[in-house]
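Note: the block below is protein-v3.cif and it holds mmCIF, C-alpha atoms.
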data_model
loop_
_atom_site.group_PDB
_atom_site.id
_atom_site.type_symbol
_atom_site.label_atom_id
_atom_site.label_comp_id
_atom_site.auth_asym_id
_atom_site.auth_seq_id
_atom_site.Cartn_x
_atom_site.Cartn_y
_atom_site.Cartn_z
ATOM 1 C CA MET A 1 85.681 94.034 58.603
ATOM 2 C CA ARG A 2 85.707 91.427 61.341
ATOM 3 C CA PHE A 3 83.851 93.857 63.644
ATOM 4 C CA ILE A 4 81.139 94.469 61.035
ATOM 5 C CA THR A 5 80.793 90.764 60.375
ATOM 6 C CA ALA A 6 80.496 89.995 64.096
ATOM 7 C CA ALA A 7 77.916 92.736 64.575
ATOM 8 C CA VAL A 8 75.874 91.511 61.634
ATOM 9 C CA ALA A 9 76.063 87.954 62.944
ATOM 10 C CA ALA A 10 74.921 89.091 66.371
ATOM 11 C CA LEU A 11 72.028 91.013 64.827
ATOM 12 C CA LEU A 12 70.968 88.026 62.743
ATOM 13 C CA ALA A 13 71.123 85.776 65.798
ATOM 14 C CA THR A 14 68.966 88.213 67.764
ATOM 15 C CA GLN A 15 66.437 88.405 64.939
ATOM 16 C CA ALA A 16 66.347 84.617 64.631
ATOM 17 C CA THR A 17 65.741 84.278 68.360
ATOM 18 C CA ALA A 18 62.968 86.863 68.183
ATOM 19 C CA MET A 19 61.361 85.028 65.281
ATOM 20 C CA ASP A 20 61.513 81.767 67.253
ATOM 21 C CA GLU A 21 59.675 83.312 70.228
ATOM 22 C CA PRO A 22 55.904 82.841 70.103
ATOM 23 C CA ALA A 23 54.006 86.078 69.553
ATOM 24 C CA TRP A 24 52.018 85.773 72.811
ATOM 25 C CA LYS A 25 55.173 86.267 74.900
ATOM 26 C CA GLU A 26 55.255 89.968 73.981
ATOM 27 C CA ASP A 27 52.055 90.563 75.967
ATOM 28 C CA TYR A 28 52.269 87.789 78.570
ATOM 29 C CA GLN A 29 55.539 88.042 80.451
ATOM 30 C CA VAL A 30 53.761 86.705 83.544
ATOM 31 C CA ILE A 31 51.188 83.888 83.430
ATOM 32 C CA ARG A 32 48.844 83.468 86.401
ATOM 33 C CA PHE A 33 46.651 80.498 87.284
ATOM 34 C CA GLY A 34 44.076 80.298 90.061
ATOM 35 C CA ILE A 35 43.346 77.461 92.484
ATOM 36 C CA LEU A 36 40.234 77.134 94.629
ATOM 37 C CA SER A 37 40.044 77.234 98.414
ATOM 38 C CA GLY A 38 39.268 73.557 99.047
ATOM 39 C CA GLU A 39 42.004 73.328 101.664
ATOM 40 C CA ASN A 40 44.159 75.750 103.655
ATOM 41 C CA GLU A 41 46.303 78.159 101.643
ATOM 42 C CA LYS A 42 49.667 76.812 102.831
ATOM 43 C CA ASP A 43 48.885 73.283 101.623
ATOM 44 C CA ARG A 44 47.378 74.553 98.350
ATOM 45 C CA ILE A 45 50.492 76.516 97.463
ATOM 46 C CA ALA A 46 52.800 73.668 98.501
ATOM 47 C CA ARG A 47 50.934 71.215 96.228
ATOM 48 C CA TYR A 48 50.979 73.483 93.185
ATOM 49 C CA THR A 49 54.478 75.007 93.474
ATOM 50 C CA PRO A 50 56.161 72.133 91.538
ATOM 51 C CA PHE A 51 53.558 72.625 88.764
ATOM 52 C CA GLU A 52 54.307 76.351 88.772
ATOM 53 C CA GLU A 53 58.039 75.615 88.420
ATOM 54 C CA TYR A 54 57.368 73.116 85.613
ATOM 55 C CA LEU A 55 55.412 75.741 83.688
ATOM 56 C CA GLU A 56 58.141 78.351 84.153
ATOM 57 C CA ARG A 57 60.758 75.976 82.742
ATOM 58 C CA GLU A 58 58.649 75.030 79.744
ATOM 59 C CA LEU A 59 57.090 78.414 78.946
ATOM 60 C CA GLY A 60 60.156 80.545 79.572
ATOM 61 C CA VAL A 61 58.123 83.217 81.403
ATOM 62 C CA GLU A 62 57.276 83.914 85.018
ATOM 63 C CA VAL A 63 54.319 81.940 86.394
ATOM 64 C CA GLU A 64 52.358 82.879 89.504
ATOM 65 C CA ILE A 65 49.838 80.984 91.627
ATOM 66 C CA PHE A 66 46.713 82.971 92.480
ATOM 67 C CA THR A 67 44.732 82.055 95.602
ATOM 68 C CA ALA A 68 41.736 83.634 97.301
ATOM 69 C CA GLY A 69 39.849 83.166 100.536
ATOM 70 C CA ASN A 70 36.832 81.753 98.721
ATOM 71 C CA TYR A 71 35.840 80.388 95.335
ATOM 72 C CA ASP A 72 34.353 83.683 94.183
ATOM 73 C CA GLY A 73 37.758 85.357 94.480
ATOM 74 C CA VAL A 74 39.152 83.114 91.713
ATOM 75 C CA ILE A 75 35.965 83.468 89.631
ATOM 76 C CA GLN A 76 36.101 87.263 89.819
ATOM 77 C CA ALA A 77 39.832 87.259 89.067
ATOM 78 C CA ILE A 78 39.361 85.433 85.769
ATOM 79 C CA ALA A 79 36.321 87.592 84.953
ATOM 80 C CA ALA A 80 38.421 90.725 85.527
ATOM 81 C CA ASP A 81 41.325 89.449 83.360
ATOM 82 C CA GLN A 82 43.601 89.293 86.413
ATOM 83 C CA ILE A 83 44.512 85.642 85.759
ATOM 84 C CA GLU A 84 44.777 83.677 82.542
ATOM 85 C CA PHE A 85 43.907 80.166 83.760
ATOM 86 C CA ALA A 86 42.190 78.464 86.692
ATOM 87 C CA PHE A 87 41.456 75.019 88.079
ATOM 88 C CA PHE A 88 37.687 74.940 88.615
ATOM 89 C CA GLY A 89 35.113 72.473 89.817
ATOM 90 C CA SER A 90 32.050 72.004 87.631
ATOM 91 C CA SER A 91 29.934 74.510 89.571
ATOM 92 C CA SER A 92 32.649 77.156 89.899
ATOM 93 C CA TYR A 93 33.325 76.798 86.160
ATOM 94 C CA ALA A 94 29.603 77.396 85.565
ATOM 95 C CA ALA A 95 29.783 80.451 87.824
ATOM 96 C CA ALA A 96 32.754 81.786 85.845
ATOM 97 C CA TYR A 97 30.941 81.054 82.578
ATOM 98 C CA THR A 98 27.935 83.045 83.783
ATOM 99 C CA ALA A 99 30.023 85.878 85.270
ATOM 100 C CA THR A 100 31.924 86.355 81.996
ATOM 101 C CA ASP A 101 28.964 85.839 79.624
ATOM 102 C CA GLY A 102 30.619 82.701 78.309
ATOM 103 C CA LYS A 103 34.115 84.147 77.945
ATOM 104 C CA VAL A 104 35.935 81.210 79.532
ATOM 105 C CA GLU A 105 37.040 78.024 77.798
ATOM 106 C CA PRO A 106 37.480 74.616 79.475
ATOM 107 C CA LEU A 107 40.617 72.843 78.255
ATOM 108 C CA VAL A 108 41.156 69.553 80.125
ATOM 109 C CA SER A 109 39.684 67.515 82.976
ATOM 110 C CA ARG A 110 40.860 64.647 85.163
ATOM 111 C CA LEU A 111 41.226 61.020 84.100
ATOM 112 C CA ARG A 112 41.559 58.240 86.666
ATOM 113 C CA GLN A 113 43.217 54.845 86.457
ATOM 114 C CA ASP A 114 39.944 52.995 85.886
ATOM 115 C CA GLY A 115 38.939 55.370 83.083
ATOM 116 C CA SER A 116 36.472 57.346 85.214
ATOM 117 C CA THR A 117 36.334 61.141 84.956
ATOM 118 C CA GLY A 118 34.250 62.026 88.005
ATOM 119 C CA TYR A 119 34.003 62.073 91.787
ATOM 120 C CA TYR A 120 31.305 62.332 94.476
ATOM 121 C CA SER A 121 29.818 64.647 97.042
ATOM 122 C CA VAL A 122 29.344 63.181 100.512
ATOM 123 C CA VAL A 123 27.736 64.397 103.713
ATOM 124 C CA VAL A 124 29.804 63.512 106.772
ATOM 125 C CA THR A 125 28.957 63.458 110.479
ATOM 126 C CA ARG A 126 30.648 62.467 113.719
ATOM 127 C CA CYS A 127 30.554 58.685 113.900
ATOM 128 C CA GLU A 128 29.634 58.782 117.592
ATOM 129 C CA ASP A 129 26.386 60.648 116.823
ATOM 130 C CA GLY A 130 24.977 57.578 115.084
ATOM 131 C CA TYR A 131 23.340 59.306 112.115
ATOM 132 C CA ASN A 132 22.697 57.025 109.136
ATOM 133 C CA SER A 133 20.848 59.152 106.591
ATOM 134 C CA ILE A 134 19.872 62.701 105.681
ATOM 135 C CA ARG A 135 16.513 62.183 107.395
ATOM 136 C CA ASP A 136 18.343 61.682 110.697
ATOM 137 C CA LEU A 137 19.521 65.314 110.464
ATOM 138 C CA GLU A 138 16.109 66.934 110.937
ATOM 139 C CA GLY A 139 16.546 70.085 113.027
ATOM 140 C CA LYS A 140 20.343 69.812 112.809
ATOM 141 C CA VAL A 141 23.001 72.103 111.343
ATOM 142 C CA ILE A 142 24.502 71.048 108.016
ATOM 143 C CA ALA A 143 27.390 73.107 106.639
ATOM 144 C CA PHE A 144 28.082 73.630 102.950
ATOM 145 C CA ALA A 145 31.564 74.562 101.800
ATOM 146 C CA ASP A 146 31.104 77.550 99.489
ATOM 147 C CA PRO A 147 28.274 78.880 97.279
ATOM 148 C CA ASP A 148 30.395 78.117 94.186
ATOM 149 C CA SER A 149 31.499 74.633 95.242
ATOM 150 C CA THR A 150 30.216 71.736 93.171
ATOM 151 C CA SER A 151 30.559 68.919 95.716
ATOM 152 C CA GLY A 152 30.427 71.209 98.743
ATOM 153 C CA TYR A 153 27.130 72.913 97.850
ATOM 154 C CA ALA A 154 25.510 72.754 94.397
ATOM 155 C CA VAL A 155 25.286 68.970 93.952
ATOM 156 C CA PRO A 156 24.407 68.039 97.552
ATOM 157 C CA TYR A 157 21.829 70.828 97.934
ATOM 158 C CA PHE A 158 20.253 70.015 94.561
ATOM 159 C CA ASN A 159 19.993 66.306 95.368
ATOM 160 C CA ILE A 160 19.064 66.602 99.056
ATOM 161 C CA ALA A 161 16.219 68.893 98.001
ATOM 162 C CA LYS A 162 14.690 65.872 96.268
ATOM 163 C CA GLU A 163 14.334 64.206 99.702
ATOM 164 C CA VAL A 164 13.591 67.123 102.027
ATOM 165 C CA ASP A 165 13.230 70.914 101.891
ATOM 166 C CA PRO A 166 16.632 72.134 103.130
ATOM 167 C CA LYS A 167 15.201 75.548 104.058
ATOM 168 C CA THR A 168 12.857 74.069 106.678
ATOM 169 C CA PHE A 169 14.224 70.590 107.428
ATOM 170 C CA PHE A 170 17.576 71.715 108.871
ATOM 171 C CA SER A 171 17.914 74.264 111.663
ATOM 172 C CA ALA A 172 20.673 76.062 109.735
ATOM 173 C CA THR A 173 22.653 75.652 106.503
ATOM 174 C CA PRO A 174 25.752 77.867 106.890
ATOM 175 C CA PHE A 175 28.762 78.067 104.583
ATOM 176 C CA SER A 176 31.993 76.984 106.270
ATOM 177 C CA GLY A 177 34.263 78.667 103.690
ATOM 178 C CA SER A 178 36.117 75.531 102.596
ATOM 179 C CA HIS A 179 35.858 71.740 102.604
ATOM 180 C CA GLU A 180 38.464 71.422 105.350
ATOM 181 C CA ALA A 181 36.721 73.994 107.527
ATOM 182 C CA GLY A 182 33.421 72.142 107.155
ATOM 183 C CA VAL A 183 34.857 68.765 108.138
ATOM 184 C CA ALA A 184 36.835 70.355 110.979
ATOM 185 C CA GLY A 185 33.630 72.022 112.186
ATOM 186 C CA VAL A 186 31.926 68.637 112.353
ATOM 187 C CA SER A 187 34.867 67.204 114.274
ATOM 188 C CA GLN A 188 34.759 70.115 116.734
ATOM 189 C CA GLY A 189 30.978 69.990 117.180
ATOM 190 C CA THR A 190 30.298 73.319 115.474
ATOM 191 C CA PHE A 191 28.226 71.552 112.794
ATOM 192 C CA ASP A 192 26.255 68.332 112.950
ATOM 193 C CA ALA A 193 27.092 67.508 109.327
ATOM 194 C CA ALA A 194 29.040 68.930 106.393
ATOM 195 C CA ALA A 195 29.192 68.412 102.652
ATOM 196 C CA THR A 196 32.549 67.615 101.081
ATOM 197 C CA TRP A 197 34.042 65.454 98.319
ATOM 198 C CA GLN A 198 35.602 62.072 97.843
ATOM 199 C CA ASN A 199 36.877 60.067 94.891
ATOM 200 C CA ASN A 200 36.048 56.772 96.580
ATOM 201 C CA ALA A 201 35.654 55.260 100.038
ATOM 202 C CA THR A 202 39.332 55.729 100.911
ATOM 203 C CA ASP A 203 40.317 58.949 99.124
ATOM 204 C CA GLY A 204 38.652 62.311 99.655
ATOM 205 C CA ARG A 205 38.950 65.547 101.601
ATOM 206 C CA TRP A 206 38.075 64.036 104.982
ATOM 207 C CA GLN A 207 40.319 60.998 104.447
ATOM 208 C CA ARG A 208 43.212 63.295 103.509
ATOM 209 C CA MET A 209 42.615 65.264 106.712
ATOM 210 C CA ILE A 210 43.175 61.998 108.597
ATOM 211 C CA GLU A 211 46.453 61.529 106.704
ATOM 212 C CA LYS A 212 47.486 65.074 107.700
ATOM 213 C CA GLU A 213 46.479 64.280 111.313
ATOM 214 C CA MET A 214 43.912 67.084 111.311
ATOM 215 C CA ILE A 215 41.191 64.681 112.477
ATOM 216 C CA ALA A 216 41.356 61.236 114.057
ATOM 217 C CA GLU A 217 40.720 57.910 112.358
ATOM 218 C CA GLY A 218 37.186 56.694 113.079
ATOM 219 C CA GLU A 219 35.946 60.158 114.051
ATOM 220 C CA ILE A 220 34.130 61.079 110.802
ATOM 221 C CA CYS A 221 31.569 58.935 108.955
ATOM 222 C CA PRO A 222 29.851 59.575 105.607
ATOM 223 C CA ILE A 223 26.067 59.102 105.643
ATOM 224 C CA TRP A 224 25.106 60.219 102.108
ATOM 225 C CA GLU A 225 26.736 60.088 98.676
ATOM 226 C CA SER A 226 25.705 61.867 95.461
ATOM 227 C CA PRO A 227 25.514 60.501 91.937
ATOM 228 C CA GLU A 228 28.856 60.780 90.118
ATOM 229 C CA ILE A 229 29.941 64.377 89.432
ATOM 230 C CA THR A 230 31.786 65.355 86.267
ATOM 231 C CA SER A 231 35.287 66.470 87.267
ATOM 232 C CA GLY A 232 35.848 70.183 86.804
ATOM 233 C CA PRO A 233 38.033 71.689 84.070
ATOM 234 C CA PHE A 234 41.340 73.486 83.872
ATOM 235 C CA THR A 235 40.029 76.636 82.237
ATOM 236 C CA ALA A 236 41.380 79.523 80.143
ATOM 237 C CA ARG A 237 40.103 83.013 79.544
ATOM 238 C CA ALA A 238 38.619 82.996 76.064
ATOM 239 C CA ASN A 239 40.270 86.305 75.150
ATOM 240 C CA ILE A 240 43.889 85.166 75.438
ATOM 241 C CA PRO A 241 45.776 84.039 72.296
ATOM 242 C CA ASP A 242 44.841 80.596 70.991
ATOM 243 C CA ALA A 243 48.539 79.719 70.777
ATOM 244 C CA LEU A 244 48.905 80.297 74.522
ATOM 245 C CA LYS A 245 45.832 78.168 75.252
ATOM 246 C CA MET A 246 47.211 75.359 73.098
ATOM 247 C CA VAL A 247 50.682 75.354 74.631
ATOM 248 C CA MET A 248 49.218 75.392 78.136
ATOM 249 C CA LYS A 249 46.799 72.582 77.297
ATOM 250 C CA ASP A 250 49.694 70.506 75.924
ATOM 251 C CA LEU A 251 51.821 71.155 79.017
ATOM 252 C CA VAL A 252 49.047 70.076 81.383
ATOM 253 C CA MET A 253 48.240 67.014 79.269
ATOM 254 C CA ASN A 254 51.925 66.011 79.171
ATOM 255 C CA ILE A 255 52.912 66.644 82.805
ATOM 256 C CA PRO A 256 52.337 63.038 83.983
ATOM 257 C CA GLU A 257 55.238 61.961 81.759
ATOM 258 C CA ALA A 258 57.237 65.202 81.602
ATOM 259 C CA ASP A 259 57.366 65.810 85.378
ATOM 260 C CA ASN A 260 55.639 63.023 87.269
ATOM 261 C CA ALA A 261 56.703 64.330 90.671
ATOM 262 C CA ALA A 262 55.052 67.696 89.972
ATOM 263 C CA PHE A 263 51.958 65.909 88.679
ATOM 264 C CA LYS A 264 51.614 63.750 91.801
ATOM 265 C CA SER A 265 52.125 66.796 94.000
ATOM 266 C CA MET A 266 49.463 68.911 92.303
ATOM 267 C CA ILE A 267 46.825 66.145 92.460
ATOM 268 C CA GLY A 268 47.673 65.362 96.086
ATOM 269 C CA GLU A 269 48.432 61.704 95.461
ATOM 270 C CA VAL A 270 49.879 59.719 98.342
ATOM 271 C CA GLU A 271 51.406 56.253 98.226
ATOM 272 C CA GLY A 272 48.753 53.586 97.889
ATOM 273 C CA THR A 273 45.975 55.900 96.669
ATOM 274 C CA PRO A 274 43.346 53.635 95.084
ATOM 275 C CA ASN A 275 42.282 54.544 91.552
ATOM 276 C CA PRO A 276 44.583 57.581 91.314
ATOM 277 C CA GLN A 277 44.390 60.241 88.663
ATOM 278 C CA THR A 278 46.666 59.170 85.814
ATOM 279 C CA GLY A 279 46.195 61.955 83.300
ATOM 280 C CA TRP A 280 43.821 64.351 81.589
ATOM 281 C CA ILE A 281 41.163 64.377 78.892
ATOM 282 C CA GLU A 282 40.305 67.258 76.550
ATOM 283 C CA VAL A 283 36.898 68.822 77.228
ATOM 284 C CA ASP A 284 34.637 71.608 75.983
ATOM 285 C CA HIS A 285 31.697 73.575 77.356
ATOM 286 C CA SER A 286 29.055 71.017 76.382
ATOM 287 C CA ARG A 287 30.396 68.750 79.145
ATOM 288 C CA TYR A 288 29.407 71.358 81.774
ATOM 289 C CA GLN A 289 26.097 72.734 80.545
ATOM 290 C CA TRP A 290 24.356 70.580 83.188
ATOM 291 C CA SER A 291 26.168 72.579 85.864
ATOM 292 C CA VAL A 292 25.064 75.899 84.374
ATOM 293 C CA ASP A 293 21.469 74.616 84.395
ATOM 294 C CA MET A 294 21.786 73.368 87.992
ATOM 295 C CA ARG A 295 23.116 76.726 89.173
ATOM 296 C CA ASP A 296 20.188 78.458 87.503
ATOM 297 C CA TRP A 297 17.833 76.199 89.501
ATOM 298 C CA LEU A 298 19.691 76.954 92.739
ATOM 299 C CA LYS A 299 19.541 80.687 92.067
ATOM 300 C CA LYS A 300 15.770 80.490 91.618
ATOM 301 C CA GLN A 301 15.509 78.580 94.913
ATOM 302 C CA ARG A 302 17.431 81.277 96.761
ATOM 303 C CA ARG A 303 15.257 84.013 95.274
ATOM 304 C CA SER A 304 12.081 82.238 96.372
ATOM 305 C CA SER A 305 13.251 81.753 99.943
#

Since I need it in another form, could you write the structure as structure tokens?
Amino acid sequence: MRFITAAVAALLATQATAMDEPAWKEDYQVIRFGILSGENEKDRIARYTPFEEYLERELGVEVEIFTAGNYDGVIQAIAADQIEFAFFGSSSYAAAYTATDGKVEPLVSRLRQDGSTGYYSVVVTRCEDGYNSIRDLEGKVIAFADPDSTSGYAVPYFNIAKEVDPKTFFSATPFSGSHEAGVAGVSQGTFDAAATWQNNATDGRWQRMIEKEMIAEGEICPIWESPEITSGPFTARANIPDALKMVMKDLVMNIPEADNAAFKSMIGEVEGTPNPQTGWIEVDHSRYQWSVDMRDWLKKQRRSS
């Protein structure tokens, strides 16, 4: 009788545990999220590994980081249902939205200490060259980061085109492959200028390269800055369960308090960062329609060239 009672108790406990498990876990034993190629792969993975570990603890399933050599690799991965989530910029989100016929859903975006939710594109040059404006770059080589980069291509090209015709004004407009590669190319003399991003005058891709001793202090100078850019969204595939989207949104929203070390690692914060990211705000597609429209304009420009 004791054996039967123990067996029944074990069965009931198993059933209770099964009932407690969210339904999405049956089909999603591994959750994958993509990160863009704004910096070298080693540093990207190092920054996001604590976030990956945080998610594994909280979700109770395996979590994997997905990286690619360019932005399009992450866009195509979410379009092909190979990953469930991705951190996008505004333009790469718009590219994913277009590639999937609207089957992606933005969940949250970045919130900074001063309440701002954006950043800027800048064009940088070697300080010793003495350039002061875009018009000083006539006949020069300006590198853009990636065709799907917001601050590294879409926004600077769109806005610079209001001043000059990029197709004829510059001698060449190559893609460097990443923000770091563009800035490094300027430092090495491969490019005369490159487009990248910054949050403010002391925090951005090129300033962080100084911190990592990839370039020297006083070597790189910005000569142009864009209007404020809406920060890109952490995005879900629209065809995954709503319950999974909600739990992931909550985990990202709560990470500043739940695991502050992981949060600071994933955003790349260093001691003394002015106006650091402090959290997240909920967003929807309407916040990024401008980027979809801008990409349409850029596509028409490429077709006419």

From A:Thr235, A:Thr273, A:Ser171, A:Thr230, residue lying nearest Leu111 (chain A) [all atoms listed in the file]: A:Thr230

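Distance cut-off 12 Å, centre (39.0, 63.2, 115.0), atoms counted only C-alpha atoms; the residues meeting this are A:Thr125, A:Arg126, A:Cys127, A:Glu128, A:Val183, A:Ala184, A:Gly185, A:Val186, A:Ser187, A:Gln188, A:Gly189, A:Trp206, A:Gln207, A:Met209, A:Ile210, A:Glu211, A:Lys212, A:Glu213, A:Met214, A:Ile215, A:Ala216, A:Glu217, A:Gly218, A:Glu219, A:Ile220, A:Cys221.
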
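Atom to atom, CA of Asp296 (chain A) and CA of Arg135 (chain A) stand 26.0 Å apart.
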
Expected selection from the PyMOL selection byres ((chain A and resi 84-95) around 9), given as a PyMOL selection string: chain A and resi 31-36+66+71-72+74-75+77-78+81-83+96-100+104+106+147-151+153-155+229-238+240+245+288-295

Residues returned when the PyMOL selection byres ((chain A and resi 250) around 12) runs on this file, as a ChimeraX atom specification: /A:55,58-59,107-108,234,243-249,251-258,279-282

Kindly save the residues from that selection, with C-alpha atoms included, as an mmCIF file, in the coordinates of the input.
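To be explicit, this is the file written out as selection34.cif:
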data_model
loop_
_atom_site.group_PDB
_atom_site.id
_atom_site.type_symbol
_atom_site.label_atom_id
_atom_site.label_comp_id
_atom_site.auth_asym_id
_atom_site.auth_seq_id
_atom_site.Cartn_x
_atom_site.Cartn_y
_atom_site.Cartn_z
ATOM 1 C CA LEU A 55 55.412 75.741 83.688
ATOM 2 C CA GLU A 58 58.649 75.030 79.744
ATOM 3 C CA LEU A 59 57.090 78.414 78.946
ATOM 4 C CA LEU A 107 40.617 72.843 78.255
ATOM 5 C CA VAL A 108 41.156 69.553 80.125
ATOM 6 C CA PHE A 234 41.340 73.486 83.872
ATOM 7 C CA ALA A 243 48.539 79.719 70.777
ATOM 8 C CA LEU A 244 48.905 80.297 74.522
ATOM 9 C CA LYS A 245 45.832 78.168 75.252
ATOM 10 C CA MET A 246 47.211 75.359 73.098
ATOM 11 C CA VAL A 247 50.682 75.354 74.631
ATOM 12 C CA MET A 248 49.218 75.392 78.136
ATOM 13 C CA LYS A 249 46.799 72.582 77.297
ATOM 14 C CA LEU A 251 51.821 71.155 79.017
ATOM 15 C CA VAL A 252 49.047 70.076 81.383
ATOM 16 C CA MET A 253 48.240 67.014 79.269
ATOM 17 C CA ASN A 254 51.925 66.011 79.171
ATOM 18 C CA ILE A 255 52.912 66.644 82.805
ATOM 19 C CA PRO A 256 52.337 63.038 83.983
ATOM 20 C CA GLU A 257 55.238 61.961 81.759
ATOM 21 C CA ALA A 258 57.237 65.202 81.602
ATOM 22 C CA GLY A 279 46.195 61.955 83.300
ATOM 23 C CA TRP A 280 43.821 64.351 81.589
ATOM 24 C CA ILE A 281 41.163 64.377 78.892
ATOM 25 C CA GLU A 282 40.305 67.258 76.550
#

Please identify all polymer residues within 12 Å of Ala201 (chain A), counting all atoms listed in the file, omitting same-chain residues fewer than 5 positions from it, and present them as a PDB file with C-alpha atoms, keeping the file's coordinate frame.
ATOM      1  CA  TYR A 119      34.003  62.073  91.787  1.00  0.00           C
ATOM      2  CA  TYR A 120      31.305  62.332  94.476  1.00  0.00           C
ATOM      3  CA  SER A 121      29.818  64.647  97.042  1.00  0.00           C
ATOM      4  CA  VAL A 122      29.344  63.181 100.512  1.00  0.00           C
ATOM      5  CA  TRP A 206      38.075  64.036 104.982  1.00  0.00           C
ATOM      6  CA  GLN A 207      40.319  60.998 104.447  1.00  0.00           C
ATOM      7  CA  ARG A 208      43.212  63.295 103.509  1.00  0.00           C
ATOM      8  CA  CYS A 221      31.569  58.935 108.955  1.00  0.00           C
ATOM      9  CA  PRO A 222      29.851  59.575 105.607  1.00  0.00           C
ATOM     10  CA  ILE A 223      26.067  59.102 105.643  1.00  0.00           C
ATOM     11  CA  TRP A 224      25.106  60.219 102.108  1.00  0.00           C
ATOM     12  CA  GLU A 225      26.736  60.088  98.676  1.00  0.00           C
ATOM     13  CA  THR A 273      45.975  55.900  96.669  1.00  0.00           C
ATOM     14  CA  PRO A 274      43.346  53.635  95.084  1.00  0.00           C
ATOM     15  CA  ASN A 275      42.282  54.544  91.552  1.00  0.00           C
TER      16      ASN A 275
END

Separation of CA of Arg205 (chain A) from CA of Glu163 (chain A), in Å and rounded to one decimal: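 Calculated distance between CA of Arg205 (chain A) and CA of Glu163 (chain A) is 24.7 Å.
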
Closest of A:Ser226, A:Thr202, A:Ser304, A:Thr67 to Val270 (chain A) - atom-to-atom distances counting only C-alpha atoms: A:Thr202

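The closest residue to Ala194 (chain A), picked from A:Asp146, A:Asp101, A:Asp165, A:Glu21 and counting all atoms listed in the file, is A:Asp146.
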
Shortest interatomic distance to Lys42 (chain A) - which of A:Asn200, A:Asn159, A:Ile65, A:Pro241, counting only C-alpha atoms: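 Using only C-alpha atoms, Lys42 (chain A) sits closest to A:Ile65.
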
Residue nearest Lys162 (chain A) - candidates A:Asp129, A:His179, A:Ala79, A:Ile134, atoms counted: all atoms listed in the file: A:Ile134

CA of Glu269 (chain A) to CA of Thr190 (chain A), straight-line distance in Å: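 Distance between the two atoms: 29.4 Å.
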
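Non-sequential neighbours of region 260-263 of chain A (distance at most 8 Å, separation of 5 or more positions within a chain, all atoms listed in the file) are A:Tyr48, A:Pro50, A:Phe51, A:Tyr54, A:Ile255.
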
Selected residue of minimal separation from Phe169 (chain A) among A:Gly182, A:Glu138, A:Thr196, A:His285, counting all atoms listed in the file: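 Comparing A:Gly182, A:Glu138, A:Thr196, A:His285 against Phe169 (chain A), the winner is A:Glu138.
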
Expected residue set, 12 Å radius at (12.9, 73.7, 105.3), all atoms listed in the file, as a list in words: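 Taken together, the residues in range are Leu137, Glu138, Gly139, Lys140, Val141, Tyr157, Ile160, Ala161, Glu163, Val164, Asp165, Pro166, Lys167, Thr168, Phe169, Phe170, Ser171, Ala172, Thr173, Gln301 and Ser305 of chain A.
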
Hits from the PyMOL selection byres ((chain A and resi 26-30) around 9), listed as a PyMOL selection string: chain A and resi 21-25+31-32+60-64

Please write out, as JSON, where the centre of an axis-aligned box around all listed atoms of region 190-195 of chain A lies and how long its edges are, in Å to one decimal, after adding 6 Å on each side.
{"center_x": 28.3, "center_y": 70.4, "center_z": 109.1, "size_x": 16.0, "size_y": 17.8, "size_z": 24.8}
